>>> print(open('target-v2.cif').read())   # mmCIF, C-alpha atoms and all ligand atoms
data_model
#
loop_
_atom_site.label_atom_id
_atom_site.label_comp_id
_atom_site.auth_asym_id
_atom_site.auth_seq_id
_atom_site.Cartn_x
_atom_site.Cartn_y
_atom_site.Cartn_z
CA MET A 74 0.00 0.00 0.00
CA LYS A 75 1.29 3.45 -0.91
CA SER A 76 1.27 6.19 1.72
CA SER A 77 -1.12 9.04 1.32
CA LEU A 78 0.44 12.48 1.34
CA LYS A 79 -2.36 14.97 0.89
CA GLU A 80 -1.80 18.68 0.25
CA VAL A 81 -4.27 20.99 1.97
CA HIS A 82 -4.49 24.73 1.32
CA ILE A 83 -4.00 26.72 4.54
CA SER A 84 -7.43 28.30 4.14
CA GLN A 85 -8.78 24.78 4.79
CA ALA A 86 -6.13 23.75 7.35
CA ALA A 87 -7.59 24.96 10.67
CA GLY A 88 -7.88 22.02 13.05
CA LEU A 89 -5.46 19.78 11.10
CA VAL A 90 -2.30 18.39 12.70
CA LEU A 91 1.10 19.36 11.23
CA ALA A 92 2.95 16.32 9.92
CA HIS A 93 6.46 17.75 10.31
CA ASP A 94 8.33 20.77 11.73
CA LEU A 95 8.03 23.92 9.60
CA THR A 96 11.26 25.94 9.42
CA GLN A 97 11.67 29.70 9.64
CA VAL A 98 14.92 31.41 8.65
CA VAL A 99 15.61 35.01 9.66
CA PRO A 100 19.13 35.64 8.35
CA GLY A 101 21.56 36.42 11.15
CA GLN A 102 18.91 35.91 13.83
CA TYR A 103 17.09 32.61 13.78
CA LYS A 104 16.87 29.29 12.00
CA GLY A 105 14.56 26.72 13.47
CA PRO A 106 11.02 25.44 13.63
CA LEU A 107 8.27 28.07 13.63
CA PHE A 108 5.71 25.29 14.15
CA ARG A 109 6.48 21.79 15.38
CA LYS A 110 5.14 18.45 14.19
CA GLY A 111 1.87 17.75 16.00
CA HIS A 112 0.83 21.42 16.19
CA VAL A 113 -2.90 21.85 15.55
CA VAL A 114 -3.26 24.60 12.95
CA ARG A 115 -5.34 27.62 14.08
CA GLU A 116 -7.02 30.33 12.00
CA GLU A 117 -4.57 32.87 13.46
CA ASP A 118 -1.54 30.88 12.17
CA THR A 119 -2.33 31.80 8.56
CA GLU A 120 -0.25 35.00 8.44
CA ALA A 121 2.78 33.31 10.00
CA LEU A 122 2.53 30.33 7.63
CA LEU A 123 2.31 32.62 4.61
CA SER A 124 5.32 34.62 5.88
CA ILE A 125 7.52 31.50 5.67
CA GLY A 126 6.21 30.62 2.24
CA LYS A 127 3.75 27.90 3.21
CA GLU A 128 0.46 28.01 1.35
CA HIS A 129 -0.18 24.30 1.79
CA ILE A 130 0.41 21.75 4.50
CA TYR A 131 0.60 17.96 4.29
CA VAL A 132 -1.66 15.47 5.89
CA ILE A 133 0.10 12.11 6.03
CA GLU A 134 -1.03 8.55 6.31
CA LEU A 135 1.94 6.20 6.42
CA ALA A 136 1.70 2.84 4.71
CA ALA A 137 3.28 -0.33 6.09
CA GLY A 138 7.07 -0.27 5.64
CA GLU A 139 7.29 3.53 5.70
CA LEU A 140 8.61 5.85 8.36
CA HIS A 141 8.19 9.53 9.11
CA GLU A 142 11.47 11.48 8.71
CA ASN A 143 11.80 11.87 12.51
CA ASP A 144 11.51 8.13 13.15
CA ALA A 145 13.84 7.28 10.26
CA SER A 146 16.49 9.68 11.63
CA LEU A 147 16.16 8.14 15.08
CA ARG A 148 16.74 4.68 13.58
CA ILE A 149 19.94 5.87 11.83
CA ALA A 150 21.15 7.51 15.04
CA ASP A 151 20.52 4.34 17.04
CA ALA A 152 22.31 2.22 14.45
CA VAL A 153 25.51 4.28 14.35
CA ARG A 154 25.71 5.33 18.00
CA GLY A 155 28.52 3.60 19.92
CA PRO A 156 29.78 4.13 23.49
CA ASN A 157 29.66 7.59 25.10
CA LEU A 158 27.24 9.13 22.61
CA THR A 159 23.68 10.25 23.14
CA GLY A 160 20.98 11.19 20.61
CA THR A 161 18.87 14.36 20.74
CA GLN A 162 15.14 14.51 20.10
CA PRO A 163 14.41 14.88 16.37
CA ARG A 164 14.06 18.46 15.20
CA GLU A 165 13.15 19.32 11.63
CA GLY A 166 13.72 15.67 10.78
CA LYS A 167 17.25 15.60 12.18
CA VAL A 168 18.77 13.76 15.16
CA ASN A 169 22.12 14.96 16.49
CA LEU A 170 24.60 12.74 18.30
CA LYS A 171 26.38 14.40 21.21
CA ALA A 172 29.45 13.32 23.16
CA LYS A 173 28.63 12.32 26.76
CA ILE A 174 32.25 12.79 27.88
CA ASP A 175 35.44 14.60 26.89
CA GLY A 176 37.35 12.18 24.67
CA LEU A 177 38.67 11.17 21.29
CA LEU A 178 36.01 10.74 18.63
CA GLN A 179 36.38 7.55 16.65
CA VAL A 180 34.64 7.37 13.30
CA ASN A 181 34.71 4.54 10.80
CA PRO A 182 34.98 6.59 7.58
CA ASP A 183 34.31 3.65 5.30
CA ALA A 184 31.01 2.89 7.07
CA VAL A 185 30.04 6.58 6.94
CA HIS A 186 30.62 6.62 3.17
CA ARG A 187 28.61 3.43 2.71
CA ILE A 188 25.70 4.74 4.79
CA ASN A 189 25.60 7.95 2.78
CA GLY A 190 25.54 5.75 -0.32
CA VAL A 191 22.13 4.44 0.78
CA GLU A 192 19.60 6.46 -1.20
CA GLN A 193 18.73 9.75 0.57
CA ALA A 194 20.20 8.75 3.95
CA VAL A 195 22.40 11.40 5.58
CA LEU A 196 25.08 10.82 8.19
CA SER A 197 27.33 13.83 8.63
CA THR A 198 30.20 13.57 11.11
CA LEU A 199 33.24 15.32 12.49
CA ASN A 200 36.59 13.80 11.54
CA ASP A 201 37.96 10.56 12.91
CA LYS A 202 40.32 11.03 15.89
CA GLU A 203 39.13 14.55 16.68
CA PRO A 204 39.16 15.54 20.35
CA VAL A 205 35.62 16.37 21.47
CA ARG A 206 34.10 17.87 24.59
CA ALA A 207 31.15 16.57 26.62
CA GLY A 208 27.97 17.97 25.06
CA GLU A 209 29.55 18.63 21.67
CA ILE A 210 27.61 17.57 18.58
CA VAL A 211 29.74 15.02 16.71
CA ALA A 212 27.29 13.81 14.07
CA ALA A 213 23.90 14.57 12.51
CA CYS A 214 21.51 11.97 11.12
CA ARG A 215 18.60 12.62 8.79
CA VAL A 216 16.77 11.40 5.69
CA ILE A 217 15.91 13.66 2.78
CA PRO A 218 12.22 12.87 2.10
CA LEU A 219 9.42 13.30 4.61
CA ILE A 220 8.45 9.64 4.21
CA TYR A 221 11.24 7.06 4.06
CA PRO A 222 11.12 3.36 3.14
CA GLU A 223 12.07 1.02 5.95
CA GLU A 224 14.02 -1.27 3.61
CA ARG A 225 16.63 1.48 3.15
CA LEU A 226 16.96 1.85 6.89
CA LYS A 227 17.63 -1.86 7.08
CA GLU A 228 20.51 -1.36 4.62
CA VAL A 229 21.88 1.32 6.94
CA GLU A 230 21.50 -0.98 9.92
CA VAL A 231 23.39 -3.83 8.22
CA ILE A 232 26.31 -1.52 7.40
CA ALA A 233 26.32 -0.15 10.95
CA ARG A 234 26.27 -3.63 12.49
CA GLU A 235 29.30 -4.66 10.45
CA ALA A 236 31.21 -1.51 11.49
CA GLN A 237 30.55 -1.99 15.23
CA PRO A 238 30.35 0.88 16.03
CA VAL A 239 30.37 3.56 13.35
CA LEU A 240 30.93 6.26 15.98
CA GLN A 241 32.14 6.30 19.57
CA VAL A 242 34.01 8.52 21.99
CA LYS A 243 37.06 7.01 23.64
CA PRO A 244 37.78 8.42 27.12
CA TYR A 245 41.15 9.91 28.03
CA ARG A 246 43.22 8.22 30.72
CA ALA A 247 44.90 10.56 33.20
CA HIS A 248 48.64 10.44 32.44
CA ASN A 249 51.64 11.56 34.51
CA ILE A 250 53.86 13.41 32.09
CA GLY A 251 57.52 14.30 32.43
CA VAL A 252 58.88 17.37 30.61
CA VAL A 253 62.57 17.65 29.68
CA THR A 254 63.34 21.15 28.45
CA THR A 255 66.50 21.41 26.37
CA GLY A 256 68.48 24.48 25.34
CA ASN A 257 71.57 26.10 26.85
CA GLU A 258 69.86 29.47 26.73
CA ILE A 259 67.22 28.26 29.20
CA TYR A 260 69.55 26.01 31.22
CA HIS A 261 71.95 28.90 31.87
CA GLY A 262 69.11 31.33 32.58
CA ARG A 263 69.77 33.54 29.53
CA ILE A 264 66.06 33.45 28.72
CA GLN A 265 63.04 32.32 30.65
CA ASP A 266 61.38 28.99 29.81
CA ARG A 267 58.14 29.40 27.90
CA PHE A 268 57.55 25.75 26.96
CA GLY A 269 56.55 24.57 30.45
CA PRO A 270 53.39 26.68 30.81
CA VAL A 271 52.24 25.89 27.26
CA VAL A 272 52.46 22.11 27.59
CA LYS A 273 51.04 22.22 31.13
CA GLU A 274 47.90 23.99 29.94
CA LYS A 275 47.42 21.59 27.04
CA VAL A 276 48.00 18.46 29.11
CA GLU A 277 45.75 19.61 31.98
CA GLY A 278 43.04 20.48 29.45
CA TYR A 279 42.74 16.72 28.84
CA GLY A 280 42.71 15.80 32.52
CA SER A 281 46.37 14.71 32.78
CA ARG A 282 49.14 16.24 34.87
CA ILE A 283 52.77 17.26 34.65
CA LEU A 284 54.85 15.02 36.89
CA GLY A 285 57.75 17.46 36.71
CA GLN A 286 59.89 19.54 34.39
CA THR A 287 63.69 19.37 34.26
CA LEU A 288 66.13 21.56 32.37
CA ALA A 289 68.86 19.95 30.26
CA SER A 290 71.78 21.68 28.57
CA ASP A 291 72.34 20.83 24.92
CA ASP A 292 74.07 17.63 25.91
CA LYS A 293 72.86 14.27 24.65
CA GLN A 294 73.78 12.33 27.76
CA ARG A 295 71.93 14.73 30.07
CA ILE A 296 68.85 14.61 27.87
CA MET A 297 68.94 10.80 27.82
CA ASP A 298 69.43 10.62 31.60
CA GLN A 299 66.51 12.95 32.28
CA ILE A 300 64.15 11.05 29.96
CA GLY A 301 65.20 7.74 31.58
CA SER A 302 64.81 9.18 35.05
CA PHE A 303 61.20 10.31 34.38
CA ILE A 304 60.35 6.85 33.05
CA ASP A 305 61.97 5.21 36.10
CA SER A 306 59.80 7.37 38.35
CA GLY A 307 56.62 6.22 36.61
CA ALA A 308 56.00 8.80 33.91
CA ASP A 309 53.65 7.40 31.28
CA MET A 310 54.71 9.98 28.69
CA VAL A 311 57.77 12.21 28.28
CA LEU A 312 57.83 15.45 26.31
CA VAL A 313 61.25 16.75 25.31
CA THR A 314 61.11 20.39 24.26
CA GLY A 315 63.30 22.22 21.74
CA GLY A 316 66.48 21.21 19.94
CA MET A 317 64.49 19.51 17.16
CA SER A 318 65.87 21.27 14.13
CA VAL A 319 69.07 21.14 12.07
CA ASP A 320 71.58 23.18 14.09
CA PRO A 321 74.61 21.50 15.66
CA ASP A 322 73.18 22.33 19.11
CA ASP A 323 69.89 20.56 18.33
CA ARG A 324 70.51 17.36 20.31
CA THR A 325 67.01 16.05 21.04
CA PRO A 326 66.45 13.60 18.11
CA GLY A 327 69.99 12.22 18.58
CA ALA A 328 69.46 11.67 22.30
CA ILE A 329 66.11 9.90 21.86
CA THR A 330 67.54 7.67 19.13
CA GLU A 331 70.77 6.90 20.97
CA MET A 332 69.06 5.82 24.17
CA GLY A 333 67.46 3.00 22.17
CA ALA A 334 63.91 4.32 21.78
CA GLU A 335 61.83 2.96 18.91
CA VAL A 336 61.42 6.05 16.70
CA VAL A 337 58.08 5.90 14.88
CA SER A 338 58.84 9.08 12.97
CA TYR A 339 61.18 12.05 13.12
CA GLY A 340 59.19 14.56 11.12
CA THR A 341 55.46 14.95 10.63
CA PRO A 342 54.08 16.22 7.32
CA MET A 343 52.11 18.96 9.08
CA LEU A 344 52.84 22.65 9.44
CA PRO A 345 53.38 23.96 12.04
CA GLY A 346 54.96 21.06 13.81
CA SER A 347 56.91 19.39 11.01
CA MET A 348 59.99 18.78 13.18
CA LEU A 349 58.04 16.77 15.79
CA LEU A 350 59.35 13.32 16.71
CA VAL A 351 57.32 10.39 18.05
CA ALA A 352 59.09 7.50 19.75
CA TYR A 353 58.45 4.81 22.35
CA TYR A 354 60.95 3.92 25.05
CA ARG A 355 60.10 0.84 27.14
CA GLY A 356 56.56 1.24 25.81
CA VAL A 357 56.28 4.86 27.01
CA PRO A 358 55.61 7.55 24.38
CA VAL A 359 58.47 10.04 24.10
CA LEU A 360 57.79 13.11 21.97
CA GLY A 361 60.30 15.65 20.69
CA LEU A 362 58.49 18.99 20.49
CA PRO A 363 59.81 21.68 18.13
CA GLY A 364 59.98 25.34 19.07
CA CYS A 365 56.80 26.22 17.17
CA VAL A 366 54.70 24.55 19.89
CA ILE A 367 55.48 27.59 22.06
CA HIS A 368 54.01 30.18 19.74
CA ASP A 369 51.62 28.44 17.32
CA ALA A 370 48.21 27.71 18.82
CA PHE A 371 47.71 24.55 16.75
CA THR A 372 50.52 22.21 15.71
CA SER A 373 51.05 18.48 15.11
CA PHE A 374 51.39 18.19 18.90
CA ASP A 375 47.70 19.14 19.26
CA VAL A 376 46.77 16.37 16.85
CA LEU A 377 48.86 13.65 18.51
CA LEU A 378 48.47 14.52 22.22
CA PRO A 379 44.74 13.62 22.50
CA ARG A 380 45.32 10.41 20.55
CA LEU A 381 48.06 9.36 22.95
CA LEU A 382 46.01 10.31 26.01
CA ALA A 383 43.14 8.17 24.69
CA GLY A 384 45.56 5.23 24.61
CA GLU A 385 46.17 5.10 20.86
CA LYS A 386 49.46 3.64 19.67
CA ILE A 387 50.80 6.04 17.04
CA THR A 388 51.86 4.36 13.80
CA ARG A 389 54.04 5.53 10.96
CA GLU A 390 51.07 5.24 8.52
CA GLU A 391 49.06 7.58 10.74
CA ILE A 392 51.86 10.15 10.78
CA VAL A 393 52.26 9.91 7.01
CA ALA A 394 48.53 10.57 6.56
CA LEU A 395 48.73 13.89 8.45
CA GLY A 396 50.10 15.72 5.39
CA TYR A 397 46.81 15.70 3.52
CA GLY A 398 44.92 18.67 4.99
CA GLY A 399 47.82 19.25 7.36
CA LEU A 400 48.85 22.73 6.25
CA HIS A 401 47.61 25.09 8.96
CA SER A 402 50.16 27.87 8.74
CA CYS A 403 53.63 28.28 7.36
N1 LIG B 501 67.52 25.62 8.37
C1 LIG B 501 66.44 25.18 9.00
N2 LIG B 501 65.93 25.93 9.96
C2 LIG B 501 64.81 25.52 10.63
C3 LIG B 501 64.20 24.31 10.29
C4 LIG B 501 64.78 23.52 9.29
O1 LIG B 501 64.30 22.42 8.99
N3 LIG B 501 65.92 23.99 8.66
N4 LIG B 501 63.04 23.96 10.96
C5 LIG B 501 62.27 25.02 11.49
C6 LIG B 501 61.20 24.56 12.34
S1 LIG B 501 59.94 23.77 11.51
C7 LIG B 501 61.12 24.83 13.69
S2 LIG B 501 59.68 24.46 14.54
C8 LIG B 501 62.16 25.59 14.36
C9 LIG B 501 62.42 25.20 15.83
O2 LIG B 501 63.13 24.10 15.97
P1 LIG B 501 63.77 23.65 17.36
O3 LIG B 501 62.87 22.72 18.08
O4 LIG B 501 65.13 23.14 17.05
O5 LIG B 501 63.85 24.95 18.27
P2 LIG B 501 65.12 25.60 18.99
O6 LIG B 501 66.21 25.82 18.00
O7 LIG B 501 65.47 24.78 20.17
O8 LIG B 501 64.50 26.97 19.43
C10 LIG B 501 63.95 27.86 18.53
C11 LIG B 501 63.69 29.20 19.26
O9 LIG B 501 62.80 28.99 20.35
C12 LIG B 501 63.44 29.34 21.58
N5 LIG B 501 63.11 28.35 22.62
C13 LIG B 501 63.35 27.02 22.56
N6 LIG B 501 62.95 26.44 23.72
C14 LIG B 501 62.47 27.44 24.49
C15 LIG B 501 61.90 27.47 25.78
N7 LIG B 501 61.78 26.36 26.55
N8 LIG B 501 61.49 28.67 26.27
C16 LIG B 501 61.64 29.80 25.54
N9 LIG B 501 62.16 29.82 24.31
C17 LIG B 501 62.58 28.66 23.79
C18 LIG B 501 64.93 29.31 21.30
O10 LIG B 501 65.64 30.12 22.18
C19 LIG B 501 64.97 29.80 19.84
O11 LIG B 501 64.87 31.19 19.80
O12 LIG B 501 63.32 25.57 13.60
C20 LIG B 501 63.09 26.05 12.27
N10 LIG B 501 64.30 26.32 11.60
O1 LIG B 502 58.25 22.03 13.49
MO1 LIG B 502 58.04 23.66 12.70
O2 LIG B 502 56.59 23.96 13.30
O3 LIG B 502 57.00 23.08 11.26
O4 LIG B 502 57.76 25.55 12.39
#
>>> encode(input="target-v2.cif", output="structure tokens")
Amino acid sequence: MKSSLKEVHISQAAGLVLAHDLTQVVPGQYKGPLFRKGHVVREEDTEALLSIGKEHIYVIELAAGELHENDASLRIADAVRGPNLTGTQPREGKVNLKAKIDGLLQVNPDAVHRINGVEQAVLSTLNDKEPVRAGEIVAACRVIPLIYPEERLKEVEVIAREAQPVLQVKPYRAHNIGVVTTGNEIYHGRIQDRFGPVVKEKVEGYGSRILGQTLASDDKQRIMDQIGSFIDSGADMVLVTGGMSVDPDDRTPGAITEMGAEVVSYGTPMLPGSMLLVAYYRGVPVLGLPGCVIHDAFTSFDVLLPRLLAGEKITREEIVALGYGGLHSC
């Protein structure tokens, strides 16, 4: 049986029930429903309906195997929603997914593409591995027509089941982080350290803490000793600041390599932050942070820090992939 979607002129609409939200847009001021689904049309609504360009309204009778846009969107949201996500009430046919906690968003891009390949289904998401805050909208689900066939939703649900889950938020684990600050100019007090406060603020923003900060002269052995000493005292990440570039006094990459750390990558194809180094020493992430982290608000460090705090193991492939879309400033 085919659904009945009957158009009624607003002069005849008093007493009828609206079948969907009706949107008003006032540029720069408001975009949202002027009337909600379920509203009983009154004589006095005529002017307002005409002002948003509605001369007719629909009266709907759904046939078997058909869903209203709101219910279809809820089904998509339920299918793709993994841990730490919550769905909003449908509004103008759309259900948003919000993060319940601060954490790292995980999206299965292949599943998102396949779901959007289902005729007139819409799943719009933030990027995979983006840090998100509790309450932040991370995805929106909707269907294009007012009435949607259930068989297409079943296609969506099959894709979502295979992906398990399409979307989730991974919580951060509180880390104790050691900071080794290199540079003779800081060690000898010629200039004041500016790295410490910057990394402290970033780390604490994700619920972790700085275990301590030590100053090392541009001496490989000292740098190695200080990294080792933080790891011996239980640090579960070490950040080594400065000395990452090409000058003879830039000792950080040499020290991290020489102490026997497994270097995943020296260099990230992102700007700023191209001289960043990622390594693991006895399983603990050790990062070499280039000078730009002090003065650029967003660098490769801001991409990798939340991933590490969410317990991700950084791979070379992942670093390589940062180049595409990775030019932020130069
Ligand atoms: N010829 C090249 N020059 C540069 C390259 C390159 O590949 N070839 N890379 C550039 C990039 S990218 C970066 S980023 C910078 C910084 O690299 P470094 O990590 O080696 O930074 P430093 O030389 O140690 O310091 C640069 C600058 O920042 C000051 N600094 C360092 N640490 C602190 C601190 N804790 N507190 C305050 N100020 C600090 C330092 O005194 C220098 O003035 O290299 C580019 N150049
Ligand atoms: O490590 Mo640098 O940020 O690309 O200026």
>>> axis_aligned_box(input="target-v2.cif", around="range 340-356 of chain A", padding_each_side="8 Å", output="AutoDock Vina command-line options")
--center_x 56.5 --center_y 12.4 --center_z 17.2 --size_x 24.8 --size_y 39.1 --size_z 35.8
>>> residues_near_ligand(input="target-v2.cif", ligand="ligand LIG 502 (chain B)", cutoff="10 Å", atoms="only C-alpha atoms and all ligand atoms", output="PyMOL selection string")
chain A and resi 315+317-318+340-350+361-369+371-374+400-403
>>> residues_near_point(input="target-v2.cif", point="(26.2, -5.1, 12.4)", cutoff="12 Å", atoms="all atoms listed in the file", output="list in words")
Asp151, Ala152, Val153, Arg154, Gly155, Ala184, Lys227, Glu228, Val229, Glu230, Val231, Ile232, Ala233, Arg234, Glu235, Ala236, Gln237, Pro238 and Val239 of chain A
>>> write_last_selection(input="target-v2.cif", atoms="C-alpha atoms", output="mmCIF file, in the coordinates of the input")
data_model
loop_
_atom_site.group_PDB
_atom_site.id
_atom_site.type_symbol
_atom_site.label_atom_id
_atom_site.label_comp_id
_atom_site.auth_asym_id
_atom_site.auth_seq_id
_atom_site.Cartn_x
_atom_site.Cartn_y
_atom_site.Cartn_z
ATOM 1 C CA ASP A 151 20.520 4.340 17.040
ATOM 2 C CA ALA A 152 22.310 2.220 14.450
ATOM 3 C CA VAL A 153 25.510 4.280 14.350
ATOM 4 C CA ARG A 154 25.710 5.330 18.000
ATOM 5 C CA GLY A 155 28.520 3.600 19.920
ATOM 6 C CA ALA A 184 31.010 2.890 7.070
ATOM 7 C CA LYS A 227 17.630 -1.860 7.080
ATOM 8 C CA GLU A 228 20.510 -1.360 4.620
ATOM 9 C CA VAL A 229 21.880 1.320 6.940
ATOM 10 C CA GLU A 230 21.500 -0.980 9.920
ATOM 11 C CA VAL A 231 23.390 -3.830 8.220
ATOM 12 C CA ILE A 232 26.310 -1.520 7.400
ATOM 13 C CA ALA A 233 26.320 -0.150 10.950
ATOM 14 C CA ARG A 234 26.270 -3.630 12.490
ATOM 15 C CA GLU A 235 29.300 -4.660 10.450
ATOM 16 C CA ALA A 236 31.210 -1.510 11.490
ATOM 17 C CA GLN A 237 30.550 -1.990 15.230
ATOM 18 C CA PRO A 238 30.350 0.880 16.030
ATOM 19 C CA VAL A 239 30.370 3.560 13.350
#
>>> closest_residue(input="target-v2.cif", among="A:Asp94, A:His186, A:Pro379, A:Ser338", to="Arg206 in chain A", atoms="all atoms listed in the file")
A:Pro379
>>> closest_residue(input="target-v2.cif", among="A:Ile259, A:Val313, A:Ala289, A:Ala383", to="ligand LIG 501 (chain B)", atoms="all atoms listed in the file")
A:Ile259
>>> closest_residue(input="target-v2.cif", among="A:Gly316, A:Gly126, A:Pro156, A:Gly166", to="ligand LIG 501 (chain B)", atoms="all atoms listed in the file")
A:Gly316
>>> closest_residue(input="target-v2.cif", among="A:Leu312, A:Glu277, A:Thr255, A:Ala394", to="ligand LIG 501 (chain B)", atoms="all atoms listed in the file")
A:Thr255
>>> atom_distance(input="target-v2.cif", atom1="CA of His129 in chain A", atom2="CA of Gly101 in chain A")
26.6 Å
>>> atom_distance(input="target-v2.cif", atom1="CA of Leu177 in chain A", atom2="CA of Gly190 in chain A")
25.9 Å
>>> atom_distance(input="target-v2.cif", atom1="CA of Ala207 in chain A", atom2="CA of Leu360 in chain A")
27.3 Å
>>> closest_residue(input="target-v2.cif", among="A:Leu284, A:Leu147, A:Leu135, A:Val242", to="Gln179 in chain A", atoms="all atoms listed in the file")
A:Val242
>>> decode(input="target-v2.cif", residues="range 127-179 of chain A", atoms="C-alpha atoms", output="compact mmCIF listing (two decimals), in the first residue's frame")
# COMPACT_ATOMS: atom_id res chain seq x y z
CA LYS A 127 3.75 27.90 3.21
CA GLU A 128 0.46 28.01 1.35
CA HIS A 129 -0.18 24.30 1.79
CA ILE A 130 0.41 21.75 4.50
CA TYR A 131 0.60 17.96 4.29
CA VAL A 132 -1.66 15.47 5.89
CA ILE A 133 0.10 12.11 6.03
CA GLU A 134 -1.03 8.55 6.31
CA LEU A 135 1.94 6.20 6.42
CA ALA A 136 1.70 2.84 4.71
CA ALA A 137 3.28 -0.33 6.09
CA GLY A 138 7.07 -0.27 5.64
CA GLU A 139 7.29 3.53 5.70
CA LEU A 140 8.61 5.85 8.36
CA HIS A 141 8.19 9.53 9.11
CA GLU A 142 11.47 11.48 8.71
CA ASN A 143 11.80 11.87 12.51
CA ASP A 144 11.51 8.13 13.15
CA ALA A 145 13.84 7.28 10.26
CA SER A 146 16.49 9.68 11.63
CA LEU A 147 16.16 8.14 15.08
CA ARG A 148 16.74 4.68 13.58
CA ILE A 149 19.94 5.87 11.83
CA ALA A 150 21.15 7.51 15.04
CA ASP A 151 20.52 4.34 17.04
CA ALA A 152 22.31 2.22 14.45
CA VAL A 153 25.51 4.28 14.35
CA ARG A 154 25.71 5.33 18.00
CA GLY A 155 28.52 3.60 19.92
CA PRO A 156 29.78 4.13 23.49
CA ASN A 157 29.66 7.59 25.10
CA LEU A 158 27.24 9.13 22.61
CA THR A 159 23.68 10.25 23.14
CA GLY A 160 20.98 11.19 20.61
CA THR A 161 18.87 14.36 20.74
CA GLN A 162 15.14 14.51 20.10
CA PRO A 163 14.41 14.88 16.37
CA ARG A 164 14.06 18.46 15.20
CA GLU A 165 13.15 19.32 11.63
CA GLY A 166 13.72 15.67 10.78
CA LYS A 167 17.25 15.60 12.18
CA VAL A 168 18.77 13.76 15.16
CA ASN A 169 22.12 14.96 16.49
CA LEU A 170 24.60 12.74 18.30
CA LYS A 171 26.38 14.40 21.21
CA ALA A 172 29.45 13.32 23.16
CA LYS A 173 28.63 12.32 26.76
CA ILE A 174 32.25 12.79 27.88
CA ASP A 175 35.44 14.60 26.89
CA GLY A 176 37.35 12.18 24.67
CA LEU A 177 38.67 11.17 21.29
CA LEU A 178 36.01 10.74 18.63
CA GLN A 179 36.38 7.55 16.65
